[in-house]
Amino acid sequence: MKIIADKPKLLTETPMHYCPGCTHGIVHRLIAEVLEELGKADNAIGIAPVGCAVYAYRYFNCDMIEAAHGRAPAISSAVRRVVNPDNLIFCYQGDGDCASIGMAETVHACMRGENITVIFINNGIYGMTGGQMAPTTMPGVKATTCIYGRDPKKYGNPVHLSEMLATLTGPAYIERVACYDVPHVKKAKAALKKAFEIQMQKKGLSFIEVLASCPTNFHMTPIEAMDFVKTQAEPFYPLGVFKDITKEEANS
């Protein structure tokens, strides 16, 4: 029988712990596929976060480091400066890790233009700790710390991290993608591949934001959660490229 698709060798045999309908597993696979296609599976170093993806180090057959909560960009920056320049460095973070406790580390890594790839999973809620409001929780969306829905006048406005980071001079490439259907999964893979290619070209920091679902804490079925990303999250957090120095260089 002809094999049409197989598990990337960069992924371990460890069963993933993510909830049904969560897109962490999809993104893990895309990272593994891209690194293998680029011939960098043996040269990759990943930084795992604290949050739902805290066990990411169990799933990748490459060197992995577990960072303290929010410190993945700082650890990535340190690794970048001490390892072989041909190694590919990626840090994998959720919205609490990247946009809350780790906001300073994220911003300063971008300001320095570290030659790393940051992968930011934005599901708009704190998944691991029980469904509290996150920096990216949208107005009107309910969480355990805003049971009637997020009111910007009371709880502040959500952060559009990709748009904010695009105002800095350090980042080389920033794109927001989603994984709620096959065409968007393919676009997400293309964005990840470009991010790693830019790192290979030593052009600076790449930031890929992935709109994700959290069926458990939004009390939805997996299908409903994917539809929520498409109909609710995407209009509020529009997909697209927010910065790409390769295009800027081509037009200069």
# chains A, B, ... in the order shown; residues from 1 in each chain; ligands from 1

$ residues_around --residues "Asn87 (chain A)" --least-positions-apart "2" --cutoff "12 Å" --atoms "only C-alpha atoms" --output "JSON list (two decimals) with N, CA and C atoms, in the first residue's frame"
[["chain", "number", "residue", "atom", "x", "y", "z"],
["A", 35, "LEU", "N", 10.67, 21.94, 9.23],
["A", 35, "LEU", "CA", 12.08, 21.76, 9.56],
["A", 35, "LEU", "C", 12.68, 20.58, 8.80],
["A", 38, "LEU", "N", 13.22, 21.63, 5.16],
["A", 38, "LEU", "CA", 14.35, 22.55, 5.03],
["A", 38, "LEU", "C", 15.68, 21.86, 5.33],
["A", 39, "GLY", "N", 15.63, 20.58, 5.71],
["A", 39, "GLY", "CA", 16.85, 19.86, 6.03],
["A", 39, "GLY", "C", 17.47, 20.29, 7.34],
["A", 40, "LYS", "N", 16.65, 20.81, 8.25],
["A", 40, "LYS", "CA", 17.15, 21.35, 9.52],
["A", 40, "LYS", "C", 16.66, 20.58, 10.74],
["A", 41, "ALA", "N", 16.15, 19.37, 10.53],
["A", 41, "ALA", "CA", 15.62, 18.60, 11.66],
["A", 41, "ALA", "C", 16.70, 18.33, 12.71],
["A", 42, "ASP", "N", 17.95, 18.12, 12.26],
["A", 42, "ASP", "CA", 19.03, 17.82, 13.19],
["A", 42, "ASP", "C", 19.69, 19.07, 13.75],
["A", 43, "ASN", "N", 19.29, 20.23, 13.26],
["A", 43, "ASN", "CA", 19.92, 21.48, 13.68],
["A", 43, "ASN", "C", 18.98, 22.41, 14.42],
["A", 44, "ALA", "N", 17.79, 21.89, 14.79],
["A", 44, "ALA", "CA", 16.80, 22.75, 15.43],
["A", 44, "ALA", "C", 16.91, 22.69, 16.95],
["A", 45, "ILE", "N", 16.63, 23.82, 17.58],
["A", 45, "ILE", "CA", 16.56, 23.91, 19.04],
["A", 45, "ILE", "C", 15.27, 24.64, 19.39],
["A", 46, "GLY", "N", 14.41, 23.97, 20.16],
["A", 46, "GLY", "CA", 13.14, 24.57, 20.53],
["A", 46, "GLY", "C", 13.10, 24.98, 21.99],
["A", 62, "CYS", "N", 14.19, 16.90, 18.81],
["A", 62, "CYS", "CA", 15.31, 17.83, 18.66],
["A", 62, "CYS", "C", 15.65, 18.35, 20.05],
["A", 63, "ASP", "N", 16.73, 19.08, 20.17],
["A", 63, "ASP", "CA", 17.07, 19.66, 21.46],
["A", 63, "ASP", "C", 15.97, 20.63, 21.89],
["A", 76, "SER", "N", 15.60, 32.01, 24.21],
["A", 76, "SER", "CA", 15.93, 31.86, 22.79],
["A", 76, "SER", "C", 17.05, 32.81, 22.38],
["A", 79, "VAL", "N", 20.32, 31.40, 23.69],
["A", 79, "VAL", "CA", 20.73, 30.24, 22.90],
["A", 79, "VAL", "C", 21.27, 30.69, 21.54],
["A", 80, "ARG", "N", 20.58, 31.66, 20.94],
["A", 80, "ARG", "CA", 21.00, 32.17, 19.64],
["A", 80, "ARG", "C", 22.44, 32.69, 19.68],
["A", 81, "ARG", "N", 22.82, 33.29, 20.79],
["A", 81, "ARG", "CA", 24.13, 33.93, 20.87],
["A", 81, "ARG", "C", 25.27, 32.97, 21.21],
["A", 82, "VAL", "N", 24.92, 31.74, 21.67],
["A", 82, "VAL", "CA", 25.98, 30.85, 22.10],
["A", 82, "VAL", "C", 26.10, 29.58, 21.25],
["A", 83, "VAL", "N", 25.13, 29.30, 20.39],
["A", 83, "VAL", "CA", 25.20, 28.07, 19.60],
["A", 83, "VAL", "C", 25.68, 28.39, 18.18],
["A", 84, "ASN", "N", 25.88, 27.33, 17.41],
["A", 84, "ASN", "CA", 26.27, 27.46, 16.01],
["A", 84, "ASN", "C", 25.28, 28.36, 15.28],
["A", 85, "PRO", "N", 25.74, 29.32, 14.50],
["A", 85, "PRO", "CA", 24.82, 30.22, 13.81],
["A", 85, "PRO", "C", 23.91, 29.52, 12.80],
["A", 89, "ILE", "N", 16.52, 28.32, 15.79],
["A", 89, "ILE", "CA", 15.98, 28.47, 17.14],
["A", 89, "ILE", "C", 14.52, 28.88, 17.03],
["A", 90, "PHE", "N", 13.63, 28.13, 17.70],
["A", 90, "PHE", "CA", 12.24, 28.56, 17.74],
["A", 90, "PHE", "C", 11.72, 28.50, 19.18],
["A", 115, "ASN", "N", 17.84, 36.85, 15.89],
["A", 115, "ASN", "CA", 17.63, 35.96, 14.75],
["A", 115, "ASN", "C", 17.02, 34.65, 15.22],
["A", 116, "ILE", "N", 15.74, 34.73, 15.63],
["A", 116, "ILE", "CA", 15.00, 33.57, 16.12],
["A", 116, "ILE", "C", 13.60, 33.59, 15.50],
["A", 117, "THR", "N", 12.85, 32.52, 15.71],
["A", 117, "THR", "CA", 11.47, 32.44, 15.25],
["A", 117, "THR", "C", 10.56, 32.23, 16.45],
["A", 196, "PHE", "N", 11.26, 30.43, 9.04],
["A", 196, "PHE", "CA", 12.52, 29.71, 9.23],
["A", 196, "PHE", "C", 13.52, 30.04, 8.13],
["A", 197, "GLU", "N", 13.04, 30.26, 6.91],
["A", 197, "GLU", "CA", 13.95, 30.63, 5.82],
["A", 197, "GLU", "C", 14.58, 31.99, 6.09],
["A", 199, "GLN", "N", 15.13, 33.20, 9.02],
["A", 199, "GLN", "CA", 16.15, 32.97, 10.06],
["A", 199, "GLN", "C", 17.41, 32.37, 9.44],
["A", 200, "MET", "N", 17.25, 31.45, 8.50],
["A", 200, "MET", "CA", 18.41, 30.85, 7.84],
["A", 200, "MET", "C", 19.22, 31.90, 7.08],
["A", 201, "GLN", "N", 18.53, 32.92, 6.58],
["A", 201, "GLN", "CA", 19.19, 34.00, 5.87],
["A", 201, "GLN", "C", 19.76, 35.05, 6.82],
["A", 202, "LYS", "N", 19.54, 34.83, 8.14],
["A", 202, "LYS", "CA", 20.07, 35.70, 9.20],
["A", 202, "LYS", "C", 19.58, 37.14, 9.05]]

$ residues_around --residues "Gly51 (chain A)" --least-positions-apart "3" --cutoff "10 Å" --atoms "only C-alpha atoms" --output "compact mmCIF listing (two decimals) with C-alpha atoms, in the first residue's frame"
# COMPACT_ATOMS: atom_id res chain seq x y z
CA ALA A 48 9.00 25.23 25.37
CA VAL A 54 4.38 23.10 28.62
CA TYR A 55 5.13 19.52 27.53
CA ALA A 56 6.16 20.49 24.00
CA HIS A 69 6.85 31.30 32.41
CA GLY A 70 7.12 34.03 29.78
CA GLN A 93 4.25 30.27 23.32
CA GLY A 94 0.62 30.81 24.23
CA ASP A 95 -1.13 34.13 24.83
CA GLY A 96 -0.50 34.21 28.58
CA ASP A 97 3.14 33.24 28.14
CA TYR A 126 -5.92 30.89 29.60
CA GLY A 127 -6.34 27.23 28.74
CA MET A 128 -4.16 25.39 31.26
CA THR A 129 -5.17 27.28 34.39

$ residues_around --residues "Met226 (chain A)" --least-positions-apart "3" --cutoff "7 Å" --atoms "only C-alpha atoms" --output "PyMOL selection string"
chain A and resi 180+213+222-223+229-230

$ closest_residue --among "A:His28, A:Thr12, A:Lys153, A:Tyr237" --to "Asn122 (chain A)" --atoms "only C-alpha atoms"
A:Tyr237

$ closest_residue --among "A:Cys91, A:Arg150, A:Ala99, A:Met138" --to "Gln232 (chain A)" --atoms "only C-alpha atoms"
A:Met138

$ closest_residue --among "A:Ile125, A:Ala109, A:Ser77, A:Met164" --to "Cys146 (chain A)" --atoms "only C-alpha atoms"
A:Ile125

$ select_by_dssp --residues "region 18-247 of chain A" --states "strand (DSSP E)" --output "ChimeraX atom specification"
/A:44-48,63-66,88-94,117-122,173-178,206-211,240-244

$ closest_residue --among "A:Phe242, A:Tyr59, A:Phe228, A:Tyr18" --to "Glu163 (chain A)" --atoms "only C-alpha atoms"
A:Phe242

$ select_by_dssp --residues "region 133-197 of chain A" --states "alpha helix (DSSP H)" --output "PDB file with C-alpha atoms, in the first residue's frame"
ATOM      1  CA  PRO A 152     -13.086  46.989  27.816  1.00  0.00           C
ATOM      2  CA  LYS A 153     -14.146  49.805  30.157  1.00  0.00           C
ATOM      3  CA  LYS A 154     -13.715  47.510  33.142  1.00  0.00           C
ATOM      4  CA  TYR A 155     -11.034  45.054  32.035  1.00  0.00           C
ATOM      5  CA  LEU A 161       0.307  41.669  19.358  1.00  0.00           C
ATOM      6  CA  SER A 162       1.276  41.280  15.697  1.00  0.00           C
ATOM      7  CA  GLU A 163       0.159  44.813  14.854  1.00  0.00           C
ATOM      8  CA  MET A 164       2.004  46.229  17.862  1.00  0.00           C
ATOM      9  CA  LEU A 165       5.264  44.402  17.181  1.00  0.00           C
ATOM     10  CA  VAL A 182      -7.229  22.805   5.160  1.00  0.00           C
ATOM     11  CA  PRO A 183      -6.509  25.925   3.035  1.00  0.00           C
ATOM     12  CA  HIS A 184      -5.584  27.895   6.146  1.00  0.00           C
ATOM     13  CA  VAL A 185      -3.438  25.054   7.486  1.00  0.00           C
ATOM     14  CA  LYS A 186      -1.499  25.192   4.204  1.00  0.00           C
ATOM     15  CA  LYS A 187      -1.106  28.960   4.525  1.00  0.00           C
ATOM     16  CA  ALA A 188       0.080  28.540   8.116  1.00  0.00           C
ATOM     17  CA  LYS A 189       2.687  26.041   6.964  1.00  0.00           C
ATOM     18  CA  ALA A 190       3.888  28.440   4.261  1.00  0.00           C
ATOM     19  CA  ALA A 191       4.224  31.214   6.843  1.00  0.00           C
ATOM     20  CA  LEU A 192       6.230  28.986   9.188  1.00  0.00           C
ATOM     21  CA  LYS A 193       8.479  27.911   6.337  1.00  0.00           C
ATOM     22  CA  LYS A 194       9.135  31.512   5.342  1.00  0.00           C
ATOM     23  CA  ALA A 195       9.859  32.413   8.966  1.00  0.00           C
ATOM     24  CA  PHE A 196      12.522  29.715   9.235  1.00  0.00           C
ATOM     25  CA  GLU A 197      13.951  30.633   5.822  1.00  0.00           C
TER      26      GLU A 197
END

$ closest_residue --among "A:Ala225, A:Ile26, A:Ala72, A:Met111" --to "Cys98 (chain A)" --atoms "only C-alpha atoms"
A:Ala72

$ atom_distance --atom1 "CA of Arg176 (chain A)" --atom2 "CA of Leu10 (chain A)"
24.2 Å

$ residues_around --residues "Ala143 (chain A)" --least-positions-apart "4" --cutoff "12 Å" --atoms "only C-alpha atoms" --output "list in words"
Gly124, Ile125, Tyr126, Gly127, Thr129, Gly130, Gly131, Gln132, Met133, Ala134, Pro135, Thr136, Thr137, Met138, Pro139, Ile147, Tyr148, Gly149, Arg150, Asp151, Tyr155, Cys214, Thr216, Asn217, Phe218 and His219 of chain A

$ atom_distance --atom1 "CA of Ala178 (chain A)" --atom2 "CA of Val34 (chain A)"
16.4 Å

$ closest_residue --among "A:Leu211, A:Val159, A:Met220, A:Leu205" --to "Pro235 (chain A)" --atoms "only C-alpha atoms"
A:Leu211

$ decode --residues "region 60-144 of chain A" --atoms "C-alpha atoms" --output "short mmCIF file (atom, residue, chain, number, x, y, z; two decimals), in the first residue's frame"
data_model
loop_
_atom_site.label_atom_id
_atom_site.label_comp_id
_atom_site.auth_asym_id
_atom_site.auth_seq_id
_atom_site.Cartn_x
_atom_site.Cartn_y
_atom_site.Cartn_z
CA PHE A 60 9.91 17.02 19.27
CA ASN A 61 12.94 14.89 18.39
CA CYS A 62 15.31 17.83 18.66
CA ASP A 63 17.07 19.66 21.46
CA MET A 64 14.44 21.32 23.66
CA ILE A 65 14.70 23.67 26.63
CA GLU A 66 11.92 24.38 29.13
CA ALA A 67 11.72 28.10 29.91
CA ALA A 68 10.28 29.75 33.00
CA HIS A 69 6.85 31.30 32.41
CA GLY A 70 7.12 34.03 29.78
CA ARG A 71 10.88 33.84 29.38
CA ALA A 72 11.06 31.82 26.16
CA PRO A 73 12.18 34.79 23.99
CA ALA A 74 14.92 35.62 26.49
CA ILE A 75 16.11 32.00 26.59
CA SER A 76 15.93 31.86 22.79
CA SER A 77 18.02 35.02 22.58
CA ALA A 78 20.67 33.51 24.86
CA VAL A 79 20.73 30.24 22.90
CA ARG A 80 21.00 32.17 19.64
CA ARG A 81 24.13 33.93 20.87
CA VAL A 82 25.98 30.85 22.10
CA VAL A 83 25.20 28.07 19.60
CA ASN A 84 26.27 27.46 16.01
CA PRO A 85 24.82 30.22 13.81
CA ASP A 86 23.39 27.55 11.50
CA ASN A 87 21.12 26.16 14.22
CA LEU A 88 17.46 27.14 13.89
CA ILE A 89 15.98 28.47 17.14
CA PHE A 90 12.24 28.56 17.74
CA CYS A 91 10.23 29.41 20.83
CA TYR A 92 6.65 28.25 21.14
CA GLN A 93 4.25 30.27 23.32
CA GLY A 94 0.62 30.81 24.23
CA ASP A 95 -1.13 34.13 24.83
CA GLY A 96 -0.50 34.21 28.58
CA ASP A 97 3.14 33.24 28.14
CA CYS A 98 3.86 35.59 25.25
CA ALA A 99 1.46 38.51 25.71
CA SER A 100 1.13 38.73 29.49
CA ILE A 101 3.90 37.61 31.83
CA GLY A 102 6.32 37.47 28.89
CA MET A 103 5.33 40.70 27.17
CA ALA A 104 8.60 42.46 28.10
CA GLU A 105 10.71 39.55 26.86
CA THR A 106 8.73 39.41 23.62
CA VAL A 107 9.01 43.14 22.95
CA HIS A 108 12.69 43.39 23.79
CA ALA A 109 13.62 40.35 21.70
CA CYS A 110 11.82 42.06 18.81
CA MET A 111 13.53 45.39 19.51
CA ARG A 112 16.93 43.68 19.39
CA GLY A 113 15.97 41.85 16.19
CA GLU A 114 17.20 38.51 17.53
CA ASN A 115 17.63 35.96 14.75
CA ILE A 116 15.00 33.57 16.12
CA THR A 117 11.47 32.44 15.25
CA VAL A 118 8.67 33.07 17.74
CA ILE A 119 5.50 31.01 17.31
CA PHE A 120 2.58 32.56 19.20
CA ILE A 121 -0.59 30.50 19.72
CA ASN A 122 -3.48 32.89 20.35
CA ASN A 123 -6.61 31.11 21.56
CA GLY A 124 -7.90 34.13 23.48
CA ILE A 125 -8.08 32.48 26.91
CA TYR A 126 -5.92 30.89 29.60
CA GLY A 127 -6.34 27.23 28.74
CA MET A 128 -4.16 25.39 31.26
CA THR A 129 -5.17 27.28 34.39
CA GLY A 130 -8.93 27.07 34.03
CA GLY A 131 -10.22 29.58 31.50
CA GLN A 132 -9.32 32.99 32.92
CA MET A 133 -9.38 36.11 30.74
CA ALA A 134 -6.21 36.53 28.70
CA PRO A 135 -4.66 39.67 27.20
CA THR A 136 -6.18 38.54 23.89
CA THR A 137 -9.70 37.67 25.12
CA MET A 138 -12.08 39.55 22.84
CA PRO A 139 -14.75 42.01 24.03
CA GLY A 140 -17.91 40.23 25.09
CA VAL A 141 -16.26 36.83 25.42
CA LYS A 142 -16.87 35.16 28.78
CA ALA A 143 -14.11 33.78 30.99
CA THR A 144 -13.91 32.70 34.62
#
